Every structure is written in C-alpha cells, then in structure tokens.
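Engineer: The following block contains the structure, expressed as structure tokens.
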Amino acid sequence: MAADLEAPVSLLAAPIDEAGLVGLDAAPVSDSALIAWIGEPEPGTKITLQQALTNAPAGGTVHVTPGAYQFTSILTVPKAVTLTAASTTQIFGRVTLSGTSLTTSGIVLSPSANQQSVITVTTASSAVLTDLQIANPDNRTGANLIGVNLASSAAAQVSDSLITKMSTGIAVAAGNTGAGPQISGVTIDFLAKGIALGSSSGASVSSSELTGPGGSGTMGIDYGGGSGASITDTEISGVLAGISTGTLTNANAGPTILRGSITATGNAINLAATTGARVTGTELTCEVPTNNAAAVGVNINNASNVTVTDVVASGFATGIGVTNASTASGIAVVGGDIAAVSNAITLGAAAAPTVSGTTVRGQQRLGVVATTGVNVLNATGATITDLVSDGPRKGIVVAPANTSTGLRIVRGEFTVPAGAATSAIELGGTVGPVVTDPHITGAGRSDSKIGITTSRAQGAVIDGAVISDVGQGITGTWVRLSGTPLAGHLITDAQIEDVGIGIYTANTQGTTVQDVVVDAYGEGIAGHEDADFTLSGATVTGHNGTGNQSSGTNAVRFYYTDGMTVDDLTTVGGSTGLYLDMSYDAVATGLDVSGATWYGTYAESITGYTLQDSYFHDNAGIANLTINPSSLDAIDHRQVSSDIAFRNNRFVDNFAGVYLPLGAFGFDFTGNTVTGTHTFVLYAAPAHDVNVSKNVIDYTHDPSGLDLALELGALPPLGDPPDEPPWEILPPPDIESVAFAAAFIDGEDPPPSAASAIWITPTWFNLDTQSASSDAIAVLDNDFSGDGPFIGVGSVSDVDVGSANAPDDPAAMRALRSTVEVSRNVFPQNSTAIVTVDDAETGLDADASGTFTNGNAAVDARGDNDWGSPCFARVPTDDYDGGGAWIYEVRATQVLYPQGCDPSGGGDGGDGGGDGELAGTGAPISQQLAAAFALTVLGAALLAAGTPRRARLTRER
C-alpha cells in the first residue's frame, strides 16, 4: 500500500457511558455552589466553579466535586485550564472559552436549553480544546444546538473529544473566512451535521468518526464556502450527504480527502464548483443500492482539476459523477473499484477528463443490472486507460449527440453480462475516436450483446481488439438512406471469435478493415450503405446453418455498398465466402474460400464485380450471381447482376460452378483454372454478353449430382433486409460430393441433356419478362480436359418449378437468340465437346429477336479449335467422324464445325452443318435429324423412368 494510503492508529476518544447520565431535572442550579478548587491538594473550603476558572493560573487545573450541576449563567474560561473531576461529573449550561485552551477530564458538558451552544470559542486565534465530552441527555433540539461553536475563531484545535446528540458537533460561523480549525480524534454522534467548517480556509479533520441518524438534511462535514480543507482517515455514516456544502457555487480550492469511509444515502462527497480537490483511498457506501440520481459517491459536480484516486464505492446510482452540463477540465479518476446502479462514472461535458486503472462493476437493483461503467456523455477529449469493466450492462458509453474529437480508449478488460442491450464500448457520435487493445468477453452470442459499437461515430480507429462470446463483435448503427456518409473507420488486428456478427459497418465512406481474424456464426464481416470499403488480410471461420445450406455464416456480406476492395481474404466454412447485395464496383483479389455449404461467392444485383487471383476449393458452389428480389426505395432495386469478371482464379473441387440466372449480363470468365467440378462450371440460365476465355477446365459430367447442384440456386435468398442470423447453432450434416459415375462411354450415344461445363439453358425468365433466351455468348481459347460435355445449349426438362420467374416447361422455351461462338479451344479426343438439344435455337420466346449465323446456327465452332484429331470433331448427326471430340446436336444446322477430312475418303469436306447432304454421307439432313432426336427422347424417357418424384417429368442430367 502506498504511504499516503496507510491509515494511522486510531486516536478516537473513549465513548461516554450515556446510561449513567442524568437529565437536567436531576441537576441543581449551582452558580453559587462551592464545588471547585484550584490545584492540589483539595482544600477544606471550596469556591464556585466560575471563581476557580477565573482565578486559576494559565495552565492550571480546576477540580470539581463529582456530581450533576446546572448553571444559569455562562461559564467563562479566560485562561488555559484543565477542568477535571475524580468521576463522571455533569455540567449543564453554556461555556465560553476566551482563553487559549480548555482540557477536560471526567467532565460531561450538556446544553440546558434548545438552540444552545455548549462551548463557544471567542478566542481570536489558535484556541485548543482537548478531551471534551459533550452529551445531550435531555434530547435538546434546534439548528443552533452546537457542541463546540468556534464562531469567528481562527485556527482553533479540537482533539480527542466526544460529542453526542447535538444538532451540529463542531461549527465554524458561515461567514468566518479565517484559518480553519484543526480537528482530530473526535467522535461525534450528531442530529444534523457532524462538523461545519463555514468559509474557513485550510481546515483539517483527521482520525475522527462522525455518525448521524440518517434522513433528510443530515451531513457529515459541511465545508460551506471554505477552501483547501483536508479530511483524513475519517469515518462518516448515517447521513444523506457525507462531505458536502450547502453552497454549490463554491469555487474555492477544493478539499483533500484521504482514506476514511463514508456511508450515505445521497452524495457521499460533493465538490460543488471547487478547484483542485483530491480524493484518495476513501471507501464510499450506499447500503441499499439505489437508482436515485441524487445518490452519488463522489459528485464532482462543476468542480475542476479534480483527482479521484483508489476510491472504492458501491450502492450509489452514480459512483463518480460530473454534472451533465459541466465543461470543467482537469478531471482525473485513477484506480479504484466503483460499483453502481446507474453509472459507475459519468463525465458530463468535461474537457479532456481521464480515467485510468479503474474497475467498474454493475450492481443489481430489484434483481436487474442496468449499470453503465463509464458514461462519457458529452465530455470532449476523454482518455480511458486500463479500465476493468466487470459486468456493467454497458462498459463505456458516449452520447449519440456527442460529436467531439479526441476520445481515447486504451487497453482495458471488459465483461459483457447476460441480458438485453449489453455492450462493452459505444462510441456515440464522436469524430476520430481511438480504441486500442481492448479485451472483451461476453456471456453468449445473442444479438443484443455487443463488443464495440461505433454507433454514428466518424473516422474511428480500432486496433488490437480481442472479442469473444458476444452477439456482435464490432458494429455500427445503420440509418437507411441516411444521406451524407460518415467518415470511414480503420479496424486493424482484431481477433473476434464465437460471435454472431464479427464486424459490421454502416453508412461509412472509406472504411478499412485489415489483418483481422473472425470466427462467427451469422456474418463474419458485413455492412450496409458503405462506400469505398477496403478489406485486407482477413481470416473468417464460419459455421453451418440449420434448415438449409444458406442459413450459416456469410464470411463477408455487404448490402448497398458502392466501391469495395477485398484482398488477401481467407474464409473457411459457413454458407458463403463473399456475399454482395445491391452493391457496385467490388474488386476481390487473392481470396482463399473453402468449405462454403452454399456458394463461395453469392451476389444479388451486383453491378461491377471483379474476382481475381483467388482460390476457391471444397465449396458447395463457386458463385451465384442472381437478382435482388425486391424494389423498396432509392437504394433497393429489382434488377439483375451485371458487369462481372472472374479472372485468373483457381477453382478446385467445388460441387457446383457459377450460376448466372434471370438475365445476368456482362460476365467475363477468363484465365481461370477449374478442376474437380462435375455438375457445371458455368450455368447461364439465361445470361447475356458472356465471355468464357483462356481458362483451363478439367470436367467430366456427373449426372447424379446435378439436381443437388441446381437446387443450390433455387434456395431462397436470405432476405432484404437480412433475416436475423441463427446465433445458436446446431450444424446439419455437411454437403458431401456425390461419387463420380461416368455418364458416357465412347461411342455415338448422345447425352440425355445439354448439361455441360458451360451450359446455356432457359431455366428462368429474363427478369420480369416471358423470355428465357440468352445471347452474345463466346467460348474462346480455353483448354478443356476430361470427358465433358464442355459446352451445352438448351433444356430437355419439362419440370415446373412453381415460380413466376421461371417457365412452366423449360424445354419448350428458346435457349438462344444469337449464335454461341466457340473458337480456339482445346477439346480432348473422344470427349464430348458440344451438346445441343431441341430448344437451343427454337421454341417459345417473348423476345423474337435473333442474330444467328446462317439464320439458325446455335453454335459456331469453326474458329480454329483443337478437336484432338487432325480431322476435327465426330458428329453423329452428320455421320461425320473426324476422330476427335464429339458434337451432339439434334439438328444438323445447330452446330457449325470444320470438316478437315472426308470420313469416306472423299477429301476436305468443308464446314459441317450446311444445307443439303453432309460431306461423305448419303443421308439427307432430315433423316439424320430424326435419328438424333429419337436418341435424345429415348435418353430423356429412360431418365424419367428412374425419377421417383413427379413421375414422367423430364429432368436435366
């Protein structure tokens, strides 16, 4: 313990034996009684007490015969004397000290009437009163019932005395501005005030015990209009106010209060408007916890330059508080342990207050904790360092209206309790707040438990936060269509685990989140209405949801964001890696996304999205680039996704590929490597302006997994605004890849559907139309490996999915409105390169436009492809066998391809798919078409026969 906190040995006077005292009625009037003598020995003839006091030499001793005496006249003590009796002796009346000192022994002084001062000091300066005993056996009353009235005396000393049941124990006149009394070792049991210091300066109270009866108007020490009082090792109890003043405008030097204890029901200490007060090591208690705002441990009020050190407080509404409107400066709280019902510490509107090394605790009232640890309110430039927030409902809170600068929160340990609306740190509306290295632990990841909320702060810097077991780690407050964005935040080096939402921002421009680690069950990193958002160096671990694949963690999920850069992001598990909704201009680079049970990336109405140099592996699907289903207001539109580029990525062992439904357009899939996906790599259903080029794609179709892959795209979106994430999770079984079973054997049997690596199909309508056709699709410069099929056009499914956004019979809808260009690709020999079915270029279409090569070609594959054979492809429809990869078409007009050799030995046959007879065959096109179509129908019929639900409906395989 520090030297200034070491309490001295008690100097308190021995208690009065009140049971042995008599009342005034038992004391005869003794003004003329011969009961006293001076010095030793006791003479045979005594004198009156006043004669003895008058005639005793300075420093002499006046003896009194033991008994009980009443004096109607005032006893005057003109010199320094000791008044003593051999046993307890009672004197009723008034005593005036005009000399330098009075010491008593065995004497109990008592008032003889109401409104009476027992001892009044008229000595101008430095009177000394020692070993006094003052009692009120008759229970006299009145505001002026005073034990020792120091009146206008200066620098009086009162020590080792006992005063009981007086309205005020020791009092200095209110107007006395002289040097204050020095009071030590006194015990005062009072009715209204223990000690009143008037307007004196430099008063001292030490090693004393002051006890009141409790209730309205009771006060331990009233320092009035005084200045510079020192109160040390004093115990005060049974009061409304402990150390206070009736003059709240007192702007003099404040008191220094060292150690001691105060038990009060109102303000234990009230510093008014003083300056330079010091409170150190004092223990403050309100025995019955209260939310009465008038109950404050240390009420700094409007004081300035105040230091409160190592104070222990409990039970008050506010432990340490600055008046809400006070703009005072120099407020410092150091150390201590503060438990309170409403606010452990409140800083009002103080300028640059500091709190360091303090423990704040929540305190129950009626079984509920509703405490704020440090309520910054409207203070400016506050610095809070090494705070320990042990269970307040809120740790540090700044008022939303506080838009000041300079808030600093450094380190600290925060425990967020169970219950509604709990948080560790709330930054209000501050500008540029800095939060460094907080450690925050919650009591469960429900949404109402928050680590740090930026609220409506601007430009917050949050570095090194360690947060666990809360609903939201770092979050903000979203105001829909707020207008002017908030200055963005910088969030770095955070470690957030076992939470519902890891990091959430809203309405900001220029936020950067970097080098964070998040383990979340709802959203890892998310936001609404942000602009120019940057995420760098993050690792997010997610968890499976309940009910379906889309209900787990979304590692990164943003709504209505304009301008987003994501790099060096690693996500593991959950539903999605990167989820974007109604957002614009996103660039994602260097992602590592794995274990997603829905899609590696999912987007609703994204406009301008580049995914590059990333690695997606072991996910249920690579991407779903779908529509935003609603149209609510200026930021929420029902529209398709567009202007998207996936470039130079590696996609490995993902169950499904990229899903482009409902008329997505402007998709560039370039320079990617795809392996281990056997359902589809790109599913345009329908899509427009699609470029698939310079990819390396290893693909062998697995029909047994196709239904499940397509169902991923049919799952409902998570909602807009998002549904509440499932905070408490019981994970379902993971999606498991279906074991591959080869669907096709070398030969001329066509596949039962157009399901392929690159598949164009009329599964859905173009948004809000009755057209399901795609156009402007090019497949260029790709290196395909595996068995294929690699490119497919059309649908054989007549399954009605029951949506207004989808045709009830996809096979009846036209798949294309322009020819697909297939050029400079590499197809392995004996693989299936291209499949077209009946509706590739014909069928129902509300958009009758069409720009087909030759007027009816679905695919133009004449552009210098490598078919695995110098004689190019093998085309059963045309009975052309170039020895290379297969082309399966329903009509000979559907696919244009080169014929480098005449299979019958006739030389160069030119381009396949022209009018009339095929080169090297004697069969007309119509005959070849009928044969191919019959094979297609046969395959579909066999599939339908093995489909247990919706019997006889044809499904894609």
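Here, A, B, ... name the chains of the structure tokens in the order displayed, residue numbers run from 1 inside each chain, and ligands are numbered from 1 in the same displayed order.
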Find the residues around Ala273 of chain A up to 12 Å (only C-alpha atoms counted), leave out those fewer than 2 positions away in its own chain, and share them as a PyMOL selection string.
Structural biologist: chain A and resi 224-227+244-255+270-271+275-277+299-306+322-323+326-329
Engineer: Would you export the selected residues with C-alpha atoms as a compact mmCIF listing (two decimals), in the first residue's frame, please?
Structural biologist:
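Dumped to out11.txt:
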```
# COMPACT_ATOMS: atom_id res chain seq x y z
CA GLY A 224 -19.58 25.55 3.21
CA GLY A 225 -17.85 28.35 1.37
CA GLY A 226 -14.45 27.33 2.66
CA SER A 227 -11.33 26.39 0.79
CA SER A 244 -20.54 18.45 1.04
CA THR A 245 -21.56 22.07 1.01
CA GLY A 246 -24.74 23.97 1.05
CA THR A 247 -23.01 26.47 -1.26
CA LEU A 248 -22.87 24.64 -4.62
CA THR A 249 -21.31 27.71 -6.22
CA ASN A 250 -18.23 27.39 -4.01
CA ALA A 251 -15.38 27.90 -6.50
CA ASN A 252 -12.58 27.98 -3.92
CA ALA A 253 -9.82 25.42 -3.55
CA GLY A 254 -11.43 22.05 -3.08
CA PRO A 255 -10.89 19.66 -0.18
CA ASN A 270 -19.95 16.77 -3.26
CA LEU A 271 -17.22 19.01 -4.64
CA THR A 275 -10.93 23.53 -7.97
CA GLY A 276 -8.06 21.18 -7.24
CA ALA A 277 -9.91 18.73 -4.98
CA ASN A 299 -20.20 14.16 -7.04
CA ILE A 300 -17.60 16.20 -8.87
CA ASN A 301 -20.45 18.47 -9.84
CA ASN A 302 -18.96 21.54 -11.52
CA ALA A 303 -15.55 21.25 -9.91
CA SER A 304 -12.36 21.38 -11.98
CA ASN A 305 -8.85 19.95 -11.71
CA VAL A 306 -10.15 17.10 -9.57
CA VAL A 322 -19.64 15.18 -13.24
CA THR A 323 -22.76 17.27 -13.73
CA SER A 326 -20.24 20.81 -16.65
CA THR A 327 -17.43 21.64 -19.10
CA ALA A 328 -14.79 21.64 -16.38
CA SER A 329 -11.28 20.49 -17.19
```
Engineer: Skipping near chain neighbours, those fewer than 5 positions away, what residues fall within 7 Å of Gln770 of chain A using only C-alpha atoms, listed as a short mmCIF file (atom, residue, chain, number, x, y, z; two decimals) with C-alpha atoms, in the first residue's frame?
Structural biologist:
```cif
data_model
loop_
_atom_site.label_atom_id
_atom_site.label_comp_id
_atom_site.auth_asym_id
_atom_site.auth_seq_id
_atom_site.Cartn_x
_atom_site.Cartn_y
_atom_site.Cartn_z
CA PHE A 765 -37.05 -15.96 -67.47
CA ASP A 845 -39.72 -16.65 -76.66
CA ALA A 846 -41.41 -13.33 -75.86
#
```
Engineer: What is the distance, in Å and to one decimal place, between atom CA of Gly451 of chain A and atom CA of Asp636 of chain A?
Structural biologist: 29.6 Å
Engineer: Have a look at atom CA of Ala151 of chain A and atom CA of Thr263 of chain A and let me know their distance in Å, one decimal.
Structural biologist: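 The value is 28.2 Å.
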Engineer: Between A:Ala85, A:Leu109, A:Met582, A:Val513, single out the one closest to Asp633 of chain A, counting only C-alpha atoms.
Structural biologist: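 Between A:Ala85, A:Leu109, A:Met582, A:Val513, the residue approaching Asp633 of chain A most closely is A:Met582.
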Engineer: Enumerate the residues of segment 461-626 of chain A with a DSSP assignment of strand (DSSP E or B), computed from the backbone, and present them as number ranges by chain.
Structural biologist: A: 461-463, 466-468, 472-475, 486-487, 490-492, 495-506, 508-509, 512-514, 517-528, 531-536, 539-541, 554-559, 562-567, 570-572, 576-581, 584-589, 592-594, 599-604, 607-612, 615-617, 621-626
Engineer: May I have the residues within 8 Å of segment 637-646 of chain A as a list in words, using only C-alpha atoms and disregarding those fewer than 6 positions away in the same chain?
Structural biologist: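 The residues that qualify are Met582, Ala603, Glu604, Ser605, Ile606, Thr607, Gly608, Tyr609, Thr610, Leu611, Gln612, Leu625, Thr626, Ile627, Asn628, Pro629, Ser630, Ser631, Leu662, Gly663, Ala664, Phe665, Gly666, Phe667, Asp668, Phe669, Thr670, Asn672 and Leu767 of chain A.
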Engineer: Next, the residues of the selection above should be written as a PDB file, in the first residue's frame with N, CA and C atoms.
Structural biologist:
```
ATOM      1  N   MET A 582     -27.062  -5.771 -53.929  1.00  0.00           N
ATOM      2  CA  MET A 582     -27.354  -4.412 -54.416  1.00  0.00           C
ATOM      3  C   MET A 582     -26.144  -3.501 -54.227  1.00  0.00           C
ATOM      4  N   ALA A 603     -24.159 -13.184 -54.974  1.00  0.00           N
ATOM      5  CA  ALA A 603     -24.467 -11.773 -55.179  1.00  0.00           C
ATOM      6  C   ALA A 603     -25.892 -11.619 -55.667  1.00  0.00           C
ATOM      7  N   GLU A 604     -26.562 -10.615 -55.141  1.00  0.00           N
ATOM      8  CA  GLU A 604     -27.872 -10.212 -55.639  1.00  0.00           C
ATOM      9  C   GLU A 604     -27.730  -8.820 -56.250  1.00  0.00           C
ATOM     10  N   SER A 605     -27.977  -8.747 -57.558  1.00  0.00           N
ATOM     11  CA  SER A 605     -27.940  -7.459 -58.266  1.00  0.00           C
ATOM     12  C   SER A 605     -26.626  -6.728 -58.070  1.00  0.00           C
ATOM     13  N   ILE A 606     -25.530  -7.453 -58.183  1.00  0.00           N
ATOM     14  CA  ILE A 606     -24.232  -6.803 -58.145  1.00  0.00           C
ATOM     15  C   ILE A 606     -23.977  -6.155 -59.499  1.00  0.00           C
ATOM     16  N   THR A 607     -23.428  -4.955 -59.484  1.00  0.00           N
ATOM     17  CA  THR A 607     -23.081  -4.253 -60.712  1.00  0.00           C
ATOM     18  C   THR A 607     -21.612  -3.856 -60.638  1.00  0.00           C
ATOM     19  N   GLY A 608     -20.790  -4.523 -61.448  1.00  0.00           N
ATOM     20  CA  GLY A 608     -19.369  -4.226 -61.406  1.00  0.00           C
ATOM     21  C   GLY A 608     -18.674  -5.011 -60.315  1.00  0.00           C
ATOM     22  N   TYR A 609     -18.267  -6.245 -60.630  1.00  0.00           N
ATOM     23  CA  TYR A 609     -17.653  -7.124 -59.625  1.00  0.00           C
ATOM     24  C   TYR A 609     -16.530  -7.887 -60.306  1.00  0.00           C
ATOM     25  N   THR A 610     -15.329  -7.735 -59.782  1.00  0.00           N
ATOM     26  CA  THR A 610     -14.169  -8.473 -60.283  1.00  0.00           C
ATOM     27  C   THR A 610     -13.632  -9.379 -59.189  1.00  0.00           C
ATOM     28  N   LEU A 611     -13.541 -10.663 -59.530  1.00  0.00           N
ATOM     29  CA  LEU A 611     -12.922 -11.658 -58.644  1.00  0.00           C
ATOM     30  C   LEU A 611     -11.682 -12.157 -59.366  1.00  0.00           C
ATOM     31  N   GLN A 612     -10.511 -11.972 -58.768  1.00  0.00           N
ATOM     32  CA  GLN A 612      -9.282 -12.307 -59.479  1.00  0.00           C
ATOM     33  C   GLN A 612      -8.228 -12.876 -58.535  1.00  0.00           C
ATOM     34  N   LEU A 625     -24.831 -15.531 -59.104  1.00  0.00           N
ATOM     35  CA  LEU A 625     -24.897 -14.106 -59.414  1.00  0.00           C
ATOM     36  C   LEU A 625     -26.312 -13.804 -59.866  1.00  0.00           C
ATOM     37  N   THR A 626     -27.188 -13.617 -58.895  1.00  0.00           N
ATOM     38  CA  THR A 626     -28.616 -13.603 -59.146  1.00  0.00           C
ATOM     39  C   THR A 626     -29.190 -12.191 -59.021  1.00  0.00           C
ATOM     40  N   ILE A 627     -30.497 -12.104 -58.855  1.00  0.00           N
ATOM     41  CA  ILE A 627     -31.183 -10.822 -58.781  1.00  0.00           C
ATOM     42  C   ILE A 627     -31.404 -10.400 -57.344  1.00  0.00           C
ATOM     43  N   ASN A 628     -31.648  -9.120 -57.163  1.00  0.00           N
ATOM     44  CA  ASN A 628     -32.237  -8.631 -55.921  1.00  0.00           C
ATOM     45  C   ASN A 628     -33.757  -8.723 -56.093  1.00  0.00           C
ATOM     46  N   PRO A 629     -34.447  -9.457 -55.223  1.00  0.00           N
ATOM     47  CA  PRO A 629     -35.860  -9.740 -55.491  1.00  0.00           C
ATOM     48  C   PRO A 629     -36.814  -8.591 -55.207  1.00  0.00           C
ATOM     49  N   SER A 630     -36.367  -7.585 -54.458  1.00  0.00           N
ATOM     50  CA  SER A 630     -37.298  -6.544 -54.021  1.00  0.00           C
ATOM     51  C   SER A 630     -36.973  -5.213 -54.669  1.00  0.00           C
ATOM     52  N   SER A 631     -37.912  -4.284 -54.562  1.00  0.00           N
ATOM     53  CA  SER A 631     -37.698  -2.916 -55.028  1.00  0.00           C
ATOM     54  C   SER A 631     -38.369  -2.002 -54.015  1.00  0.00           C
ATOM     55  N   LEU A 662     -31.616 -15.577 -64.631  1.00  0.00           N
ATOM     56  CA  LEU A 662     -32.568 -14.460 -64.722  1.00  0.00           C
ATOM     57  C   LEU A 662     -32.076 -13.275 -65.541  1.00  0.00           C
ATOM     58  N   GLY A 663     -31.164 -13.549 -66.481  1.00  0.00           N
ATOM     59  CA  GLY A 663     -30.740 -12.494 -67.390  1.00  0.00           C
ATOM     60  C   GLY A 663     -29.524 -11.718 -66.964  1.00  0.00           C
ATOM     61  N   ALA A 664     -28.665 -12.286 -66.139  1.00  0.00           N
ATOM     62  CA  ALA A 664     -27.403 -11.622 -65.801  1.00  0.00           C
ATOM     63  C   ALA A 664     -26.653 -11.298 -67.088  1.00  0.00           C
ATOM     64  N   PHE A 665     -25.919 -10.186 -67.095  1.00  0.00           N
ATOM     65  CA  PHE A 665     -25.212  -9.835 -68.326  1.00  0.00           C
ATOM     66  C   PHE A 665     -23.852  -9.227 -68.016  1.00  0.00           C
ATOM     67  N   GLY A 666     -22.998  -9.278 -69.046  1.00  0.00           N
ATOM     68  CA  GLY A 666     -21.675  -8.696 -68.896  1.00  0.00           C
ATOM     69  C   GLY A 666     -20.779  -9.523 -68.003  1.00  0.00           C
ATOM     70  N   PHE A 667     -20.679 -10.857 -68.275  1.00  0.00           N
ATOM     71  CA  PHE A 667     -19.871 -11.733 -67.421  1.00  0.00           C
ATOM     72  C   PHE A 667     -18.648 -12.200 -68.201  1.00  0.00           C
ATOM     73  N   ASP A 668     -17.474 -11.955 -67.617  1.00  0.00           N
ATOM     74  CA  ASP A 668     -16.216 -12.350 -68.229  1.00  0.00           C
ATOM     75  C   ASP A 668     -15.539 -13.386 -67.339  1.00  0.00           C
ATOM     76  N   PHE A 669     -15.366 -14.596 -67.884  1.00  0.00           N
ATOM     77  CA  PHE A 669     -14.750 -15.706 -67.149  1.00  0.00           C
ATOM     78  C   PHE A 669     -13.461 -16.047 -67.884  1.00  0.00           C
ATOM     79  N   THR A 670     -12.339 -15.469 -67.403  1.00  0.00           N
ATOM     80  CA  THR A 670     -11.102 -15.510 -68.177  1.00  0.00           C
ATOM     81  C   THR A 670      -9.916 -15.922 -67.308  1.00  0.00           C
ATOM     82  N   ASN A 672      -9.052 -18.634 -65.792  1.00  0.00           N
ATOM     83  CA  ASN A 672      -9.270 -19.420 -64.583  1.00  0.00           C
ATOM     84  C   ASN A 672      -8.874 -20.877 -64.802  1.00  0.00           C
ATOM     85  N   LEU A 767     -35.387 -11.318 -66.297  1.00  0.00           N
ATOM     86  CA  LEU A 767     -36.145 -10.714 -65.205  1.00  0.00           C
ATOM     87  C   LEU A 767     -37.352  -9.927 -65.712  1.00  0.00           C
TER      88      LEU A 767
END
```
Engineer: Restricting the calculation to only C-alpha atoms: of A:Glu841, A:Trp886, A:Phe655, A:Ala812, which residue gets closest to Pro751 of chain A?
Structural biologist: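 Answer, going by the shortest atom-to-atom distance: A:Trp886.
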Engineer: What's the 7 Å shell around Arg94 of chain A, counting only C-alpha atoms, without same-chain residues fewer than 4 positions away, as a VMD selection string?
Structural biologist: chain A and resid 74 to 75 111 117 to 119
Engineer: For segment 482-486 of chain A, list every protein, DNA or RNA residue within 6 Å, evaluated using only C-alpha atoms, and leave out those in the same chain fewer than 4 positions away; present the list as a list in words.
Structural biologist: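 Surrounding residues, per the criterion: Gln458, Asn507, Thr508 and Gln509 of chain A.
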Engineer: Any idea what's packed within 6 Å of Ala520 of chain A, counting only C-alpha atoms, ignoring anything in its chain fewer than 2 positions away? Could you give it as a PyMOL selection string?
Structural biologist: chain A and resi 498-502+522+524+542
